[in-house]
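*Asks:* Dumping the structure here so I can ask a few things about it.
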Amino acid sequence: MNKTENEVIGWKWTMYAGLMPLMAGLFMLLTSSLSISNDMSLWTFVIHKLDFSFSQLAAVDPQAGPFVTFLAMLAGVNIVSAAVPIILISIFALKKGQKWAWYYLLFMLVWEGFNDVYSVTQFYFDTGAPMFVMPWLFCILMVTGLYKTRGQIFNQ
């Protein structure tokens, strides 16, 4: 018996989609940590810097620094924690044709994908920081994977 005989064709697209928020979340944690720890330099996204430093932000109000630190770390961790189930569900459930996995991944496309695309695209227009690549790529890969797997998932 061939190991991949009952494998749903196209499941790898959704798994690769899950790698996008995983990398984005880790990137956010790294760049936020760098910007907070090097508080005199401009806030960095490595490929783009914003026009303020963490120390300037913290000088606005004593609670601004802790608030931004909280948001940056919380967002980075939550992005990673959303990515891991996408990857694991793709590998262990969608690959085997479980319908609930397809619906979960559709939910994540709408909930995580569309929200992130909207947010980072707005962020780009406001700041010029090109952070939209990973969320757009997530949506493209996820739509492709869901489209490719729908026939096998729903014709079982």
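Following the order of the structure tokens, chains are lettered A, B, ..., residues in each are numbered from 1, and ligands are numbered from 1.
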List every residue of chain A that DSSP, applied to the backbone, labels as strand (DSSP E or B), and write the result as a PyMOL selection string.
*Replies:* chain A and resi 42-44+49-53
*Asks:* Mind running segment 93-123 of chain A against segment 129-133 of chain A at 9 Å and telling me each contacting residue's nearest atom pair with the distance in Å (one decimal), counting only C-alpha atoms, chain and number ascending, as a Markdown table?
*Replies:*
```
| residue | atom | partner | partner_atom | distance |
| --- | --- | --- | --- | --- |
| A:Asp116 | CA | A:Phe132 | CA | 8.2 |
| A:Val117 | CA | A:Phe132 | CA | 6.5 |
| A:Tyr118 | CA | A:Phe132 | CA | 8.8 |
| A:Ser119 | CA | A:Phe132 | CA | 8.5 |
| A:Val120 | CA | A:Phe132 | CA | 5.1 |
| A:Thr121 | CA | A:Phe132 | CA | 5.6 |
| A:Phe123 | CA | A:Ala129 | CA | 7.0 |
```
*Asks:* Run DSSP on the backbone of this structure and report the residues of chain A it assigns to helix (DSSP H, G or I), as a VMD selection string.
*Replies:* chain A and resid 11 to 37 54 to 60 64 to 92 94 to 96 99 to 127 133 to 154
*Asks:* Could you turn the residues from that selection into a file that holds C-alpha atoms, as a JSON list (two decimals), in the first residue's frame?
*Replies:*
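out28.json written:
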```json
[["chain", "number", "residue", "atom", "x", "y", "z"],
["A", 11, "TRP", "CA", -3.04, 19.89, 1.87],
["A", 12, "LYS", "CA", 0.55, 21.17, 1.72],
["A", 13, "TRP", "CA", -0.68, 24.55, 0.49],
["A", 14, "THR", "CA", -2.47, 25.17, 3.79],
["A", 15, "MET", "CA", 0.52, 23.89, 5.75],
["A", 16, "TYR", "CA", 2.79, 26.34, 3.90],
["A", 17, "ALA", "CA", 0.21, 29.06, 4.55],
["A", 18, "GLY", "CA", 0.62, 28.39, 8.27],
["A", 19, "LEU", "CA", 4.33, 29.04, 8.00],
["A", 20, "MET", "CA", 3.63, 32.67, 7.06],
["A", 21, "PRO", "CA", 2.07, 33.74, 10.39],
["A", 22, "LEU", "CA", 4.63, 31.59, 12.22],
["A", 23, "MET", "CA", 7.46, 33.56, 10.63],
["A", 24, "ALA", "CA", 5.57, 36.86, 10.98],
["A", 25, "GLY", "CA", 4.93, 36.31, 14.68],
["A", 26, "LEU", "CA", 8.53, 35.34, 15.37],
["A", 27, "PHE", "CA", 9.68, 38.33, 13.30],
["A", 28, "MET", "CA", 7.43, 40.63, 15.31],
["A", 29, "LEU", "CA", 8.73, 39.25, 18.60],
["A", 30, "LEU", "CA", 12.33, 39.68, 17.44],
["A", 31, "THR", "CA", 11.97, 43.20, 16.02],
["A", 32, "SER", "CA", 9.88, 44.41, 18.96],
["A", 33, "SER", "CA", 12.43, 43.02, 21.40],
["A", 34, "LEU", "CA", 15.24, 44.72, 19.47],
["A", 35, "SER", "CA", 13.40, 48.03, 19.41],
["A", 36, "ILE", "CA", 12.50, 47.89, 23.09],
["A", 37, "SER", "CA", 15.96, 46.81, 24.25],
["A", 54, "PHE", "CA", 10.97, 53.39, 22.21],
["A", 55, "SER", "CA", 12.43, 56.00, 24.57],
["A", 56, "GLN", "CA", 10.59, 58.78, 22.69],
["A", 57, "LEU", "CA", 7.38, 56.80, 22.92],
["A", 58, "ALA", "CA", 7.88, 56.15, 26.63],
["A", 59, "ALA", "CA", 8.56, 59.88, 27.19],
["A", 60, "VAL", "CA", 5.08, 60.74, 25.90],
["A", 64, "ALA", "CA", 2.98, 54.31, 26.86],
["A", 65, "GLY", "CA", 6.15, 52.19, 26.98],
["A", 66, "PRO", "CA", 4.64, 49.34, 29.01],
["A", 67, "PHE", "CA", 1.49, 49.46, 26.86],
["A", 68, "VAL", "CA", 3.39, 49.17, 23.57],
["A", 69, "THR", "CA", 5.60, 46.42, 25.04],
["A", 70, "PHE", "CA", 2.46, 44.55, 26.12],
["A", 71, "LEU", "CA", 0.82, 44.90, 22.70],
["A", 72, "ALA", "CA", 3.95, 43.93, 20.75],
["A", 73, "MET", "CA", 4.67, 40.82, 22.81],
["A", 74, "LEU", "CA", 1.02, 39.77, 23.06],
["A", 75, "ALA", "CA", 0.50, 40.16, 19.30],
["A", 76, "GLY", "CA", 3.69, 38.29, 18.39],
["A", 77, "VAL", "CA", 2.89, 35.37, 20.69],
["A", 78, "ASN", "CA", -0.73, 35.21, 19.53],
["A", 79, "ILE", "CA", 0.25, 35.23, 15.87],
["A", 80, "VAL", "CA", 2.60, 32.29, 16.50],
["A", 81, "SER", "CA", -0.05, 30.47, 18.54],
["A", 82, "ALA", "CA", -2.52, 30.84, 15.66],
["A", 83, "ALA", "CA", 0.02, 29.53, 13.14],
["A", 84, "VAL", "CA", 0.94, 26.31, 14.92],
["A", 85, "PRO", "CA", -2.59, 24.78, 14.79],
["A", 86, "ILE", "CA", -2.87, 25.68, 11.09],
["A", 87, "ILE", "CA", 0.30, 23.73, 10.38],
["A", 88, "LEU", "CA", -0.58, 20.77, 12.61],
["A", 89, "ILE", "CA", -4.20, 20.52, 11.45],
["A", 90, "SER", "CA", -3.05, 20.61, 7.83],
["A", 91, "ILE", "CA", -0.58, 17.78, 8.45],
["A", 92, "PHE", "CA", -2.65, 15.55, 10.71],
["A", 94, "LEU", "CA", -6.71, 17.88, 6.35],
["A", 95, "LYS", "CA", -4.19, 15.52, 4.80],
["A", 96, "LYS", "CA", -6.43, 12.62, 5.91],
["A", 99, "LYS", "CA", -14.01, 17.90, 6.99],
["A", 100, "TRP", "CA", -13.75, 19.72, 10.28],
["A", 101, "ALA", "CA", -10.14, 20.58, 9.40],
["A", 102, "TRP", "CA", -11.21, 22.20, 6.14],
["A", 103, "TYR", "CA", -13.81, 24.31, 7.97],
["A", 104, "TYR", "CA", -11.30, 25.27, 10.66],
["A", 105, "LEU", "CA", -8.80, 26.40, 8.03],
["A", 106, "LEU", "CA", -11.52, 28.38, 6.26],
["A", 107, "PHE", "CA", -12.33, 30.06, 9.57],
["A", 108, "MET", "CA", -8.62, 30.91, 10.04],
["A", 109, "LEU", "CA", -8.46, 32.35, 6.53],
["A", 110, "VAL", "CA", -11.35, 34.68, 7.34],
["A", 111, "TRP", "CA", -10.50, 35.41, 10.99],
["A", 112, "GLU", "CA", -6.72, 35.66, 10.87],
["A", 113, "GLY", "CA", -5.99, 36.13, 7.20],
["A", 114, "PHE", "CA", -8.46, 38.80, 6.16],
["A", 115, "ASN", "CA", -8.00, 40.76, 9.40],
["A", 116, "ASP", "CA", -4.21, 40.70, 9.08],
["A", 117, "VAL", "CA", -4.31, 41.67, 5.41],
["A", 118, "TYR", "CA", -6.55, 44.63, 6.19],
["A", 119, "SER", "CA", -4.49, 45.72, 9.22],
["A", 120, "VAL", "CA", -1.04, 45.49, 7.66],
["A", 121, "THR", "CA", -2.19, 47.08, 4.41],
["A", 122, "GLN", "CA", -3.55, 50.04, 6.41],
["A", 123, "PHE", "CA", -0.28, 50.09, 8.37],
["A", 124, "TYR", "CA", 1.63, 50.26, 5.09],
["A", 125, "PHE", "CA", -0.40, 53.22, 3.84],
["A", 126, "ASP", "CA", 0.07, 55.00, 7.17],
["A", 127, "THR", "CA", 3.79, 54.28, 7.68],
["A", 133, "VAL", "CA", 3.80, 40.47, 2.25],
["A", 134, "MET", "CA", 3.31, 37.62, 4.73],
["A", 135, "PRO", "CA", -0.42, 38.14, 5.38],
["A", 136, "TRP", "CA", -1.16, 38.44, 1.65],
["A", 137, "LEU", "CA", 0.94, 35.33, 0.99],
["A", 138, "PHE", "CA", -0.90, 33.53, 3.82],
["A", 139, "CYS", "CA", -4.26, 34.30, 2.18],
["A", 140, "ILE", "CA", -3.09, 33.29, -1.30],
["A", 141, "LEU", "CA", -1.64, 29.99, -0.07],
["A", 142, "MET", "CA", -4.67, 29.25, 2.14],
["A", 143, "VAL", "CA", -7.20, 29.99, -0.63],
["A", 144, "THR", "CA", -5.19, 27.79, -3.00],
["A", 145, "GLY", "CA", -5.05, 24.94, -0.48],
["A", 146, "LEU", "CA", -8.73, 25.14, 0.38],
["A", 147, "TYR", "CA", -9.67, 25.26, -3.28],
["A", 148, "LYS", "CA", -7.45, 22.30, -4.17],
["A", 149, "THR", "CA", -8.70, 20.15, -1.28],
["A", 150, "ARG", "CA", -12.43, 20.95, -1.45],
["A", 151, "GLY", "CA", -13.28, 18.27, -4.00],
["A", 152, "GLN", "CA", -11.72, 15.42, -2.07],
["A", 153, "ILE", "CA", -12.98, 16.68, 1.28],
["A", 154, "PHE", "CA", -16.61, 17.05, 0.23]]
```
*Asks:* Take atom CA of Pro62 of chain A and atom CA of Thr44 of chain A and report the distance between them in Å, one decimal.
*Replies:*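 According to the coordinates, atom CA of Pro62 of chain A and atom CA of Thr44 of chain A are separated by 21.3 Å.
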*Asks:* Please compute the atom CA of Gln98 of chain A-atom CA of Gln156 of chain A distance, one decimal, in Å.
*Replies:*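 Going from atom CA of Gln98 of chain A over to atom CA of Gln156 of chain A covers 9.7 Å.
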